[in-house]
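Participant: Okay, so here is data_29.txt, and as you'll see once you scroll down, it has compact mmCIF, C-alpha atoms and all ligand atoms.
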```txt
# COMPACT_ATOMS: atom_id res chain seq x y z
CA MET A 1 -17.99 19.72 2.88
CA ASN A 2 -20.51 21.85 4.78
CA LYS A 3 -19.08 24.13 7.41
CA LEU A 4 -20.70 24.56 10.81
CA SER A 5 -21.86 28.04 11.74
CA SER A 6 -19.93 29.79 14.50
CA GLY A 7 -22.82 29.33 16.94
CA GLU A 8 -22.46 25.59 16.45
CA LEU A 9 -18.71 25.31 17.03
CA ASN A 10 -18.87 24.86 20.78
CA LYS A 11 -21.36 22.01 20.42
CA HIS A 12 -18.85 20.16 18.23
CA ASN A 13 -15.88 20.29 20.60
CA PHE A 14 -14.73 16.66 20.88
CA SER A 15 -11.76 17.51 23.10
CA GLY A 16 -10.49 14.93 25.57
CA GLY A 17 -10.45 17.63 28.24
CA PRO A 18 -11.34 20.21 29.26
CA GLY A 19 -14.54 18.93 27.72
CA VAL A 20 -17.72 20.39 26.30
CA LEU A 21 -20.36 21.62 28.78
CA PRO A 22 -24.14 21.74 28.26
CA ASP A 23 -25.47 24.93 26.64
CA VAL A 24 -27.97 25.60 29.39
CA VAL A 25 -25.15 25.54 31.92
CA LEU A 26 -22.99 27.91 29.87
CA GLU A 27 -25.88 30.37 29.65
CA GLN A 28 -26.25 30.38 33.44
CA VAL A 29 -22.48 30.78 33.80
CA ARG A 30 -22.52 33.80 31.48
CA GLU A 31 -25.17 35.41 33.64
CA ALA A 32 -23.36 34.53 36.88
CA ILE A 33 -20.12 36.11 35.69
CA LEU A 34 -21.97 39.40 35.56
CA VAL A 35 -24.35 38.91 38.47
CA VAL A 36 -25.55 35.99 40.55
CA PRO A 37 -29.19 37.09 40.87
CA GLU A 38 -29.72 36.09 44.50
CA VAL A 39 -26.53 37.93 45.60
CA GLY A 40 -26.26 40.86 43.23
CA LEU A 41 -22.50 40.30 42.66
CA SER A 42 -20.36 38.57 40.07
CA VAL A 43 -19.57 34.96 40.99
CA LEU A 44 -15.91 35.90 40.54
CA GLY A 45 -16.13 38.33 43.44
CA ILE A 46 -18.30 36.53 45.98
CA SER A 47 -16.59 35.59 49.23
CA HIS A 48 -15.96 31.94 49.93
CA ARG A 49 -17.00 32.75 53.51
CA SER A 50 -20.44 33.96 52.45
CA ASP A 51 -23.67 32.18 53.35
CA TRP A 52 -24.36 31.90 49.64
CA PHE A 53 -21.21 29.89 49.02
CA ALA A 54 -21.77 27.67 52.05
CA ALA A 55 -25.17 26.85 50.53
CA VAL A 56 -23.53 26.16 47.14
CA VAL A 57 -21.19 23.63 48.75
CA ALA A 58 -23.99 22.04 50.79
CA GLU A 59 -26.21 21.63 47.73
CA LEU A 60 -23.37 20.26 45.61
CA GLU A 61 -22.48 17.71 48.31
CA ALA A 62 -26.13 16.68 48.47
CA ASN A 63 -26.50 16.50 44.68
CA VAL A 64 -23.46 14.25 44.29
CA LEU A 65 -24.69 11.88 47.01
CA PHE A 66 -28.18 11.91 45.49
CA LEU A 67 -26.99 11.24 41.92
CA LEU A 68 -24.75 8.39 43.11
CA GLY A 69 -27.40 7.02 45.49
CA LEU A 70 -25.02 7.16 48.45
CA PRO A 71 -25.92 7.12 52.15
CA SER A 72 -24.73 9.69 54.69
CA ASN A 73 -21.60 7.79 55.76
CA TYR A 74 -20.03 9.19 52.61
CA HIS A 75 -18.49 12.66 52.44
CA VAL A 76 -18.11 14.78 49.33
CA LEU A 77 -14.98 16.91 49.06
CA LEU A 78 -14.15 19.63 46.56
CA LEU A 79 -10.38 19.78 46.41
CA GLN A 80 -7.66 21.44 44.38
CA GLY A 81 -4.59 19.89 42.78
CA GLY A 82 -6.45 17.88 40.15
CA ALA A 83 -6.59 14.13 39.90
CA THR A 84 -2.80 14.19 40.09
CA GLN A 85 -2.89 15.33 43.71
CA GLN A 86 -5.16 12.37 44.49
CA PHE A 87 -2.55 10.04 42.98
CA SER A 88 -0.41 11.01 46.03
CA MET A 89 -3.02 11.90 48.63
CA VAL A 90 -4.55 8.41 48.55
CA PRO A 91 -1.30 6.53 49.33
CA MET A 92 -0.13 9.24 51.78
CA THR A 93 -3.28 8.52 53.76
CA LEU A 94 -3.50 4.75 53.38
CA LEU A 95 -0.06 3.40 52.58
CA ARG A 96 2.63 5.19 54.57
CA GLY A 97 4.34 2.77 56.93
CA LYS A 98 2.37 -0.22 55.63
CA GLU A 99 4.05 -3.54 54.95
CA GLN A 100 1.45 -5.12 52.71
CA PRO A 101 1.35 -3.67 49.21
CA ALA A 102 -1.66 -1.91 47.78
CA GLU A 103 -2.83 -3.28 44.44
CA TYR A 104 -2.72 -1.19 41.28
CA MET A 105 -3.36 -1.85 37.60
CA LYS A 106 -1.39 -0.35 34.73
CA THR A 107 -4.23 -0.14 32.27
CA GLY A 108 -3.04 2.83 30.24
CA TYR A 109 -1.49 6.28 30.34
CA TRP A 110 -3.21 7.38 33.55
CA GLY A 111 -2.90 3.98 35.23
CA GLY A 112 0.85 4.35 34.66
CA LYS A 113 1.01 7.85 36.11
CA VAL A 114 -0.81 6.87 39.26
CA VAL A 115 1.51 3.90 39.86
CA ALA A 116 4.58 6.13 39.62
CA GLU A 117 3.24 8.49 42.29
CA ALA A 118 2.00 5.77 44.63
CA ARG A 119 5.43 4.08 44.70
CA ARG A 120 6.86 7.15 46.44
CA GLU A 121 4.57 6.61 49.42
CA GLY A 122 4.67 2.90 50.13
CA PRO A 123 4.69 -0.64 48.81
CA ILE A 124 2.54 -1.34 45.80
CA ASP A 125 1.91 -4.37 43.67
CA VAL A 126 1.09 -3.90 39.98
CA ILE A 127 -1.27 -6.85 39.57
CA TRP A 128 -1.85 -6.31 35.86
CA ASP A 129 0.06 -4.45 33.16
CA GLY A 130 -1.42 -3.80 29.73
CA HIS A 131 1.92 -2.91 28.20
CA SER A 132 2.33 -6.23 26.36
CA SER A 133 -1.03 -5.81 24.63
CA GLY A 134 -0.27 -2.21 23.68
CA PHE A 135 -2.91 -0.95 26.13
CA ARG A 136 -5.57 -2.02 23.64
CA ARG A 137 -7.55 -4.05 26.15
CA LEU A 138 -8.32 -4.35 29.85
CA PRO A 139 -7.80 -7.42 32.08
CA ARG A 140 -10.36 -10.21 32.16
CA ASP A 141 -11.51 -11.57 35.51
CA ASP A 142 -9.41 -14.72 35.09
CA GLU A 143 -6.26 -12.57 34.80
CA LEU A 144 -6.81 -10.84 38.12
CA GLU A 145 -6.18 -12.11 41.60
CA PHE A 146 -6.99 -9.85 44.53
CA ARG A 147 -5.45 -10.50 47.95
CA SER A 148 -7.37 -9.99 51.16
CA GLU A 149 -4.25 -8.51 52.86
CA ALA A 150 -3.98 -5.54 50.49
CA PRO A 151 -4.62 -2.19 52.24
CA TYR A 152 -6.66 -1.19 49.17
CA VAL A 153 -7.03 -1.75 45.45
CA HIS A 154 -6.84 1.18 43.03
CA TYR A 155 -7.83 1.37 39.39
CA VAL A 156 -8.81 3.85 36.69
CA SER A 157 -12.38 3.27 35.50
CA ASN A 158 -11.90 4.95 32.12
CA GLU A 159 -8.52 5.27 30.41
CA THR A 160 -9.08 8.58 28.67
CA VAL A 161 -6.09 8.37 26.33
CA GLU A 162 -6.53 4.82 25.01
CA GLY A 163 -10.35 4.80 25.13
CA LEU A 164 -10.69 1.80 27.47
CA GLN A 165 -13.44 1.54 30.08
CA PHE A 166 -14.25 -1.05 32.72
CA HIS A 167 -17.90 -2.07 32.46
CA ARG A 168 -17.83 -3.86 35.83
CA VAL A 169 -16.64 -3.28 39.39
CA LEU A 170 -13.27 -4.87 40.23
CA GLY A 171 -11.80 -6.11 43.48
CA ARG A 172 -13.19 -7.84 46.53
CA ASP A 173 -15.67 -6.67 49.12
CA ASP A 174 -13.30 -7.00 52.09
CA VAL A 175 -10.65 -4.67 50.62
CA PRO A 176 -11.36 -0.94 50.08
CA ARG A 177 -11.87 -0.06 46.42
CA ILE A 178 -10.45 3.24 45.22
CA CYS A 179 -11.10 4.54 41.76
CA ASP A 180 -9.97 7.39 39.53
CA MET A 181 -13.19 8.21 37.66
CA SER A 182 -11.94 11.49 36.25
CA SER A 183 -13.17 10.86 32.72
CA ASP A 184 -16.44 9.03 33.34
CA PHE A 185 -17.69 10.42 36.66
CA LEU A 186 -21.48 11.00 36.66
CA SER A 187 -21.74 9.63 33.11
CA ALA A 188 -23.66 6.54 34.24
CA PRO A 189 -24.62 4.75 37.47
CA CYS A 190 -21.41 3.26 38.89
CA LYS A 191 -22.42 1.24 42.00
CA ALA A 192 -20.71 3.93 44.04
CA ASP A 193 -21.55 2.27 47.35
CA GLN A 194 -19.07 -0.50 46.51
CA PHE A 195 -16.20 2.01 46.59
CA SER A 196 -14.44 3.46 49.61
CA LEU A 197 -13.07 6.42 47.71
CA ILE A 198 -13.81 7.83 44.26
CA TYR A 199 -12.08 10.87 42.81
CA ALA A 200 -12.70 12.80 39.64
CA HIS A 201 -11.50 16.18 38.56
CA ALA A 202 -14.20 18.30 36.99
CA GLN A 203 -12.70 19.23 33.65
CA LYS A 204 -13.54 16.15 31.61
CA ASN A 205 -17.17 15.55 32.33
CA ILE A 206 -18.66 17.88 34.93
CA GLY A 207 -17.18 21.37 34.83
CA PRO A 208 -14.09 23.51 34.34
CA ALA A 209 -10.58 22.77 35.66
CA GLY A 210 -9.76 23.80 39.21
CA VAL A 211 -11.81 21.44 41.34
CA THR A 212 -11.66 17.71 41.99
CA VAL A 213 -14.58 15.86 43.54
CA VAL A 214 -13.66 13.21 46.10
CA VAL A 215 -16.30 10.90 47.52
CA ILE A 216 -15.05 9.11 50.58
CA ARG A 217 -16.53 6.62 53.01
CA ASP A 218 -16.14 7.50 56.68
CA GLU A 219 -14.59 4.21 57.78
CA LEU A 220 -11.72 4.50 55.33
CA LEU A 221 -10.10 7.20 57.45
CA GLU A 222 -10.14 5.34 60.76
CA GLY A 223 -6.39 4.61 60.81
CA ALA A 224 -5.27 7.61 58.76
CA PRO A 225 -2.14 9.47 59.92
CA ARG A 226 -2.57 12.60 62.03
CA ASP A 227 0.59 14.36 60.88
CA LEU A 228 -0.23 15.23 57.27
CA PRO A 229 -0.33 18.86 56.18
CA SER A 230 -3.93 19.90 56.78
CA PHE A 231 -4.43 20.73 53.11
CA LEU A 232 -3.61 17.09 52.28
CA ASP A 233 -5.59 15.62 55.17
CA TYR A 234 -9.01 14.33 54.12
CA ARG A 235 -10.25 14.66 57.70
CA ALA A 236 -9.36 18.34 57.88
CA GLN A 237 -11.02 18.95 54.53
CA ILE A 238 -14.16 17.10 55.64
CA GLY A 239 -14.28 19.13 58.85
CA ALA A 240 -14.09 22.37 56.85
CA HIS A 241 -16.62 21.30 54.18
CA SER A 242 -13.86 21.97 51.62
CA ILE A 243 -13.47 25.58 52.74
CA LEU A 244 -10.17 25.04 54.55
CA ASN A 245 -8.52 27.76 52.50
CA THR A 246 -9.83 29.82 49.56
CA PRO A 247 -11.47 27.29 47.25
CA PRO A 248 -12.11 27.81 43.51
CA VAL A 249 -15.56 29.33 43.99
CA PHE A 250 -16.21 29.73 40.27
CA SER A 251 -15.33 26.13 39.32
CA ILE A 252 -17.35 24.75 42.20
CA TYR A 253 -20.35 26.85 41.18
CA VAL A 254 -20.19 25.52 37.61
CA VAL A 255 -20.04 21.93 38.89
CA LEU A 256 -23.13 22.70 40.98
CA LEU A 257 -24.94 23.88 37.83
CA VAL A 258 -23.92 20.67 36.02
CA THR A 259 -25.27 18.49 38.85
CA ARG A 260 -28.54 20.43 38.78
CA TRP A 261 -28.71 19.86 35.03
CA LEU A 262 -28.08 16.13 35.54
CA ARG A 263 -30.76 15.94 38.22
CA ASP A 264 -33.46 18.16 36.73
CA ASN A 265 -32.95 18.28 32.94
CA VAL A 266 -31.43 14.89 32.22
CA GLY A 267 -33.26 12.99 34.96
CA GLY A 268 -30.40 11.22 36.73
CA LEU A 269 -27.53 8.95 35.83
CA SER A 270 -29.51 6.12 34.22
CA ALA A 271 -31.02 8.60 31.80
CA MET A 272 -27.55 10.10 31.21
CA ASP A 273 -26.17 6.63 30.51
CA GLN A 274 -28.88 5.97 27.92
CA ILE A 275 -27.95 9.13 26.05
CA ASN A 276 -24.22 8.42 26.34
CA SER A 277 -24.74 4.85 25.11
CA ARG A 278 -26.62 6.06 22.03
CA LYS A 279 -23.82 8.49 21.19
CA ALA A 280 -21.15 5.81 21.59
CA ASP A 281 -23.17 3.21 19.61
CA LEU A 282 -23.59 5.69 16.77
CA LEU A 283 -19.88 6.46 16.51
CA TYR A 284 -18.58 2.92 17.05
CA GLY A 285 -21.19 1.77 14.51
CA ALA A 286 -19.66 4.17 11.99
CA LEU A 287 -16.19 2.72 12.63
CA ASP A 288 -17.41 -0.86 12.34
CA ASP A 289 -19.34 -0.15 9.12
CA SER A 290 -16.44 1.62 7.42
CA ASP A 291 -14.84 -1.52 5.89
CA GLY A 292 -11.67 -0.86 7.85
CA PHE A 293 -11.27 2.76 6.75
CA TYR A 294 -11.64 3.77 10.39
CA LYS A 295 -10.15 1.23 12.82
CA GLY A 296 -11.20 1.33 16.49
CA ARG A 297 -8.21 1.03 18.82
CA ALA A 298 -9.74 -0.66 21.87
CA ALA A 299 -10.89 -4.27 22.15
CA ARG A 300 -14.63 -4.31 21.59
CA GLU A 301 -15.63 -5.45 25.08
CA ASP A 302 -13.52 -2.70 26.69
CA ARG A 303 -14.61 0.18 24.47
CA SER A 304 -15.09 3.45 26.30
CA LYS A 305 -18.39 5.29 25.96
CA MET A 306 -16.56 8.52 26.73
CA ASN A 307 -13.47 8.45 24.49
CA VAL A 308 -13.65 6.83 21.07
CA VAL A 309 -10.10 6.31 19.81
CA PHE A 310 -9.43 5.22 16.24
CA ASN A 311 -6.86 5.14 13.47
CA LEU A 312 -6.86 5.61 9.72
CA ARG A 313 -4.52 3.76 7.38
CA SER A 314 -1.61 6.22 7.71
CA ASN A 315 -0.39 9.07 9.83
CA GLU A 316 -0.69 11.36 6.91
CA LEU A 317 -4.35 10.47 6.35
CA GLU A 318 -5.05 10.91 10.06
CA ASN A 319 -3.56 14.40 9.93
CA ARG A 320 -5.64 15.25 6.88
CA PHE A 321 -8.75 13.91 8.65
CA ILE A 322 -8.10 16.07 11.72
CA SER A 323 -7.38 19.24 9.74
CA THR A 324 -10.31 18.76 7.34
CA ALA A 325 -12.55 18.17 10.33
CA ALA A 326 -11.23 21.32 12.01
CA ASP A 327 -11.97 23.33 8.85
CA ALA A 328 -15.51 22.00 8.91
CA GLY A 329 -15.93 23.04 12.57
CA PHE A 330 -15.17 19.84 14.51
CA SER A 331 -12.46 20.53 17.09
CA GLY A 332 -10.45 18.53 19.61
CA LEU A 333 -10.16 15.37 17.50
CA SER A 334 -6.39 14.86 17.74
CA GLY A 335 -5.42 11.76 19.67
CA HIS A 336 -3.38 12.23 22.85
CA ARG A 337 0.23 13.23 22.14
CA SER A 338 1.48 9.95 23.62
CA ILE A 339 -0.24 7.68 21.05
CA GLY A 340 -1.50 9.87 18.18
CA GLY A 341 -4.45 8.77 16.07
CA VAL A 342 -7.90 10.30 16.42
CA ARG A 343 -9.96 10.64 19.58
CA ALA A 344 -13.55 11.81 19.79
CA SER A 345 -14.63 12.43 23.36
CA LEU A 346 -18.35 12.12 24.03
CA TYR A 347 -18.68 13.60 27.51
CA ASN A 348 -22.06 14.35 29.08
CA GLY A 349 -22.35 17.78 27.48
CA MET A 350 -21.92 16.40 23.94
CA GLN A 351 -25.25 16.15 22.15
CA LEU A 352 -26.36 13.16 20.09
CA ARG A 353 -27.01 15.47 17.15
CA ALA A 354 -23.39 16.63 17.15
CA VAL A 355 -22.18 13.02 17.07
CA GLY A 356 -24.53 12.45 14.13
CA ASN A 357 -22.94 15.41 12.35
CA LEU A 358 -19.47 13.96 13.00
CA VAL A 359 -20.56 10.60 11.57
CA ASP A 360 -21.91 12.35 8.45
CA PHE A 361 -18.58 14.16 8.11
CA MET A 362 -16.71 10.86 8.46
CA ASP A 363 -18.83 9.28 5.70
CA ASP A 364 -18.03 12.21 3.39
CA PHE A 365 -14.34 12.09 4.24
CA LYS A 366 -14.20 8.37 3.55
CA ARG A 367 -15.89 8.79 0.18
CA CYS A 368 -13.38 11.47 -0.84
CA ASN A 369 -10.27 9.63 0.42
CA GLN A 370 -10.84 5.95 -0.23
C1 LIG B 401 -6.98 13.78 32.67
C2 LIG B 401 -6.86 12.69 33.67
C3 LIG B 401 -6.04 12.81 34.82
C4 LIG B 401 -5.19 14.04 35.11
O1 LIG B 401 -5.88 14.93 35.86
P1 LIG B 401 -5.31 16.35 36.36
O2 LIG B 401 -6.52 17.00 36.91
O3 LIG B 401 -4.74 17.05 35.17
O4 LIG B 401 -4.30 16.08 37.40
C5 LIG B 401 -6.06 11.77 35.73
N1 LIG B 401 -6.79 10.66 35.53
C6 LIG B 401 -7.56 10.50 34.43
C7 LIG B 401 -8.35 9.26 34.26
C8 LIG B 401 -7.62 11.51 33.48
O5 LIG B 401 -8.38 11.35 32.39
```
Could you render the structure as structure tokens?
Ligand SMILES: *Cc1c(COP(=O)(O)O)cnc(C)c1O
Facilitator:
Amino acid sequence: MNKLSSGELNKHNFSGGPGVLPDVVLEQVREAILVVPEVGLSVLGISHRSDWFAAVVAELEANVLFLLGLPSNYHVLLLQGGATQQFSMVPMTLLRGKEQPAEYMKTGYWGGKVVAEARREGPIDVIWDGHSSGFRRLPRDDELEFRSEAPYVHYVSNETVEGLQFHRVLGRDDVPRICDMSSDFLSAPCKADQFSLIYAHAQKNIGPAGVTVVVIRDELLEGAPRDLPSFLDYRAQIGAHSILNTPPVFSIYVVLLVTRWLRDNVGGLSAMDQINSRKADLLYGALDDSDGFYKGRAAREDRSKMNVVFNLRSNELENRFISTAADAGFSGLSGHRSIGGVRASLYNGMQLRAVGNLVDFMDDFKRCNQ
């Protein structure tokens, strides 16, 4: 099997996260580590209290609102603590002392994690649990009932581990919708104005680890408690434009570069979605045309465009697939440790050509191992 040259390795990183970033962004990052031209200093040594960084934050806030088509009653926050901190920060803000339960869905690995954290803060109702179907599918509309009394409904738009993605907006218009979009944020238009709060850490689709983007509608905070630690208080973070304490300047700068790339090079989220759909169609097509050699894990209608999860006929063959692929230069293909199998993640920075190369590799591997 042909091996990829070392210059090509990064383009063929199919890791579930941290994910691959666009080449043009990495080139700008390399330059910025040495010197940010307009400042004359390394990005790693620029003060978070500088005018330059205030402008970085302001442009990033504007880019996120622009890409999502959101009006000015939404705020963009750049927080630390990952998506995991949002698992707690959301119910701390909206659920403490409430009698009516918030509605959650256990749709997979991350849906389960978020439920466990929310329970510590207040009453929750798990309105759907995918356990009995092995987390191989998502709920249909006729399996879901949303109550108007719920303080909010929370779900995970893309289950990164199982490769399941909602291709519609859930919930009802009179109850705030809250969504963990960590693994598909800015991968496609998402009707963001139907959500009261969206959070997504950067390291799957839009940057390095260290920063989590939170998009929050003003009205959601009207009854929020006043006694939270300021670091965990969305209002305090909004007031400080995310510079409440020393923020991860480097990670935030890289996310800014990714949003510029999405806006100027890609041409917005519809264009990004077209590219992502072609990549996913190519790879799922290869699974479906393999006569069962490669078996997709997720129900067809719930297939994720970001994480393509599949199995081969035995564990042993899966291991050989992953190691042969690694030898050929394709990295990050091991399934999540909780379920095994193979996972190819097709985040925004993954190029169509690299997915084509993976499909060619899979054809070769099948021919040699049938
Ligand atoms: C990876 C992932 C997380 C965990 O995020 P951390 O930043 O590590 O806390 C949460 N939700 C989803 C959907 C993920 O894919």
Participant: Of the residues A:Gly112, A:Pro37, A:Pro71, A:Pro151, which is the one nearest to ligand LIG 401 (chain B), using only C-alpha atoms and all ligand atoms?
Facilitator: A:Gly112
Participant: Please indicate the distance in Å from atom CA of A:Ser242 to atom CA of A:Val57, rounded to one decimal place.
Facilitator: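 Interatomic distance, atom CA of A:Ser242 to atom CA of A:Val57: 8.0 Å.
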Participant: For ligand LIG 401 (chain B), which of A:Ser148, A:Asn307, A:Ser277, A:Ser290 is the closest residue, counting only C-alpha atoms and all ligand atoms?
Facilitator: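 Counting only C-alpha atoms and all ligand atoms, the residue closest to ligand LIG 401 (chain B) is A:Asn307.
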Participant: Contacts of stretch 360-367 of chain A at 8 Å or less, counting only C-alpha atoms, minus same-chain residues fewer than 3 places along, as a PyMOL selection string?
Facilitator: chain A and resi 1+293+321+325+356-357+370
Participant: Could you give me the residues within 10 Å of ligand LIG 401 (chain B), counting only C-alpha atoms and all ligand atoms, as a ChimeraX atom specification?
Facilitator: /A:16-18,80-87,108-114,155-161,163,179-185,199-205,209-212,307
Participant: Which of these, A:Gly332, A:Phe231, A:Gly341, A:Lys279, has the shortest distance to A:Glu316 once you count only C-alpha atoms?
Facilitator: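 Closest residue, counting only C-alpha atoms: A:Gly341.
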Participant: Quick one: pull the distance between atom CA of A:Ile124 and atom CA of A:Glu103, Å, one decimal.
Facilitator: 5.9 Å
Participant: So, with only C-alpha atoms as the atoms that count, which of A:Asp23, A:Asp302, A:Glu8, A:Asp273 lies closest to A:His167?
Facilitator: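 The closest residue to A:His167 is A:Asp302.
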Participant: For A:Lys11, list every protein, DNA or RNA residue within 9 Å, evaluated using all atoms listed in the file, and leave out those in the same chain fewer than 6 positions away; present the list as an MDAnalysis selection string.
Facilitator: chainID A and resid 20:23 330 349:351 354
Participant: Within 7 Å of A:Leu67, counting all atoms listed in the file, which residues show up once you throw out same-chain ones fewer than 2 positions away? Write them as a count of residues only, please.
Facilitator: 6
Participant: Could you tell me which of A:Leu333, A:Leu232, A:Leu220, A:Leu287 comes closest to A:Gly19 if we count only C-alpha atoms?
Facilitator: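 That would be A:Leu333, the residue with the smallest distance to A:Gly19.
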Participant: Have a look at atom CA of A:Arg49 and atom CA of A:Asn245 and let me know their distance in Å, one decimal.
Facilitator: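 Going from atom CA of A:Arg49 over to atom CA of A:Asn245, I get 9.9 Å.
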Participant: Let me know the centre plus edge lengths, in Å and rounded to one decimal, of a box with edges along x, y and z that contains all listed atoms of stretch 309-312 of chain A and is padded by 5 Å on every side, as JSON.
Facilitator:
```
{"center_x": -8.5, "center_y": 5.7, "center_z": 14.8, "size_x": 13.2, "size_y": 11.2, "size_z": 20.1}
```
Participant: Rank A:Lys305, A:Arg177, A:Arg168, A:Arg136 by their smallest atom-to-atom distance to A:Asn276, using only C-alpha atoms, and report the top residue only.
Facilitator: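 Ranked by minimum distance to A:Asn276, first place goes to A:Lys305.
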Participant: If you count only C-alpha atoms, which residues fall within 12 Å of A:Glu59, apart from same-chain ones fewer than 5 positions away, as a VMD selection string?
Facilitator: chain A and resid 52 to 54 64 to 67 76 241 252 to 253 255 to 260 263
Participant: Need to verify the contact set: A:Ala280, 9 Å, all atoms listed in the file, exclusion of same-chain residues closer than 2 positions in sequence. Can you return it as a ChimeraX atom specification?
Facilitator: /A:275-278,282-285,304-308,346,355
Participant: Have stretch 287-305 of chain A completed to N, CA and C atoms, please, and pass it along as a PDB file, in the frame of the given file.
Facilitator:
```
ATOM      1  N   LEU A 287     -17.512   3.347  12.800  1.00  0.00           N
ATOM      2  CA  LEU A 287     -16.190   2.720  12.630  1.00  0.00           C
ATOM      3  C   LEU A 287     -16.357   1.308  12.077  1.00  0.00           C
ATOM      4  N   ASP A 288     -17.265   0.558  12.702  1.00  0.00           N
ATOM      5  CA  ASP A 288     -17.410  -0.860  12.340  1.00  0.00           C
ATOM      6  C   ASP A 288     -17.979  -1.036  10.931  1.00  0.00           C
ATOM      7  N   ASP A 289     -18.735  -0.043  10.458  1.00  0.00           N
ATOM      8  CA  ASP A 289     -19.340  -0.150   9.120  1.00  0.00           C
ATOM      9  C   ASP A 289     -18.481   0.511   8.050  1.00  0.00           C
ATOM     10  N   SER A 290     -17.233   0.858   8.383  1.00  0.00           N
ATOM     11  CA  SER A 290     -16.440   1.620   7.420  1.00  0.00           C
ATOM     12  C   SER A 290     -15.508   0.731   6.592  1.00  0.00           C
ATOM     13  N   ASP A 291     -15.696  -0.575   6.639  1.00  0.00           N
ATOM     14  CA  ASP A 291     -14.840  -1.520   5.890  1.00  0.00           C
ATOM     15  C   ASP A 291     -13.362  -1.312   6.212  1.00  0.00           C
ATOM     16  N   GLY A 292     -13.064  -0.986   7.449  1.00  0.00           N
ATOM     17  CA  GLY A 292     -11.670  -0.860   7.850  1.00  0.00           C
ATOM     18  C   GLY A 292     -11.051   0.491   7.545  1.00  0.00           C
ATOM     19  N   PHE A 293     -11.819   1.422   7.003  1.00  0.00           N
ATOM     20  CA  PHE A 293     -11.270   2.760   6.750  1.00  0.00           C
ATOM     21  C   PHE A 293     -10.947   3.440   8.076  1.00  0.00           C
ATOM     22  N   TYR A 294     -11.874   3.303   9.018  1.00  0.00           N
ATOM     23  CA  TYR A 294     -11.640   3.770  10.390  1.00  0.00           C
ATOM     24  C   TYR A 294     -11.512   2.531  11.274  1.00  0.00           C
ATOM     25  N   LYS A 295     -10.386   2.443  12.001  1.00  0.00           N
ATOM     26  CA  LYS A 295     -10.150   1.230  12.820  1.00  0.00           C
ATOM     27  C   LYS A 295     -10.164   1.592  14.308  1.00  0.00           C
ATOM     28  N   GLY A 296     -11.131   1.088  15.037  1.00  0.00           N
ATOM     29  CA  GLY A 296     -11.200   1.330  16.490  1.00  0.00           C
ATOM     30  C   GLY A 296      -9.975   0.758  17.166  1.00  0.00           C
ATOM     31  N   ARG A 297      -9.454   1.459  18.175  1.00  0.00           N
ATOM     32  CA  ARG A 297      -8.210   1.030  18.820  1.00  0.00           C
ATOM     33  C   ARG A 297      -8.461  -0.005  19.918  1.00  0.00           C
ATOM     34  N   ALA A 298      -9.503   0.174  20.674  1.00  0.00           N
ATOM     35  CA  ALA A 298      -9.740  -0.660  21.870  1.00  0.00           C
ATOM     36  C   ALA A 298     -10.441  -1.963  21.501  1.00  0.00           C
ATOM     37  N   ALA A 299     -10.139  -3.008  22.282  1.00  0.00           N
ATOM     38  CA  ALA A 299     -10.890  -4.270  22.150  1.00  0.00           C
ATOM     39  C   ALA A 299     -12.369  -3.956  22.382  1.00  0.00           C
ATOM     40  N   ARG A 300     -13.208  -4.623  21.580  1.00  0.00           N
ATOM     41  CA  ARG A 300     -14.630  -4.310  21.590  1.00  0.00           C
ATOM     42  C   ARG A 300     -15.261  -4.291  22.987  1.00  0.00           C
ATOM     43  N   GLU A 301     -14.952  -5.326  23.787  1.00  0.00           N
ATOM     44  CA  GLU A 301     -15.630  -5.450  25.080  1.00  0.00           C
ATOM     45  C   GLU A 301     -15.165  -4.388  26.080  1.00  0.00           C
ATOM     46  N   ASP A 302     -14.061  -3.716  25.771  1.00  0.00           N
ATOM     47  CA  ASP A 302     -13.520  -2.700  26.690  1.00  0.00           C
ATOM     48  C   ASP A 302     -13.672  -1.290  26.135  1.00  0.00           C
ATOM     49  N   ARG A 303     -14.459  -1.136  25.091  1.00  0.00           N
ATOM     50  CA  ARG A 303     -14.610   0.180  24.470  1.00  0.00           C
ATOM     51  C   ARG A 303     -15.194   1.194  25.451  1.00  0.00           C
ATOM     52  N   SER A 304     -14.613   2.371  25.443  1.00  0.00           N
ATOM     53  CA  SER A 304     -15.090   3.450  26.300  1.00  0.00           C
ATOM     54  C   SER A 304     -16.266   4.167  25.655  1.00  0.00           C
ATOM     55  N   LYS A 305     -17.276   4.471  26.471  1.00  0.00           N
ATOM     56  CA  LYS A 305     -18.390   5.290  25.960  1.00  0.00           C
ATOM     57  C   LYS A 305     -18.033   6.769  25.971  1.00  0.00           C
TER      58      LYS A 305
END
```
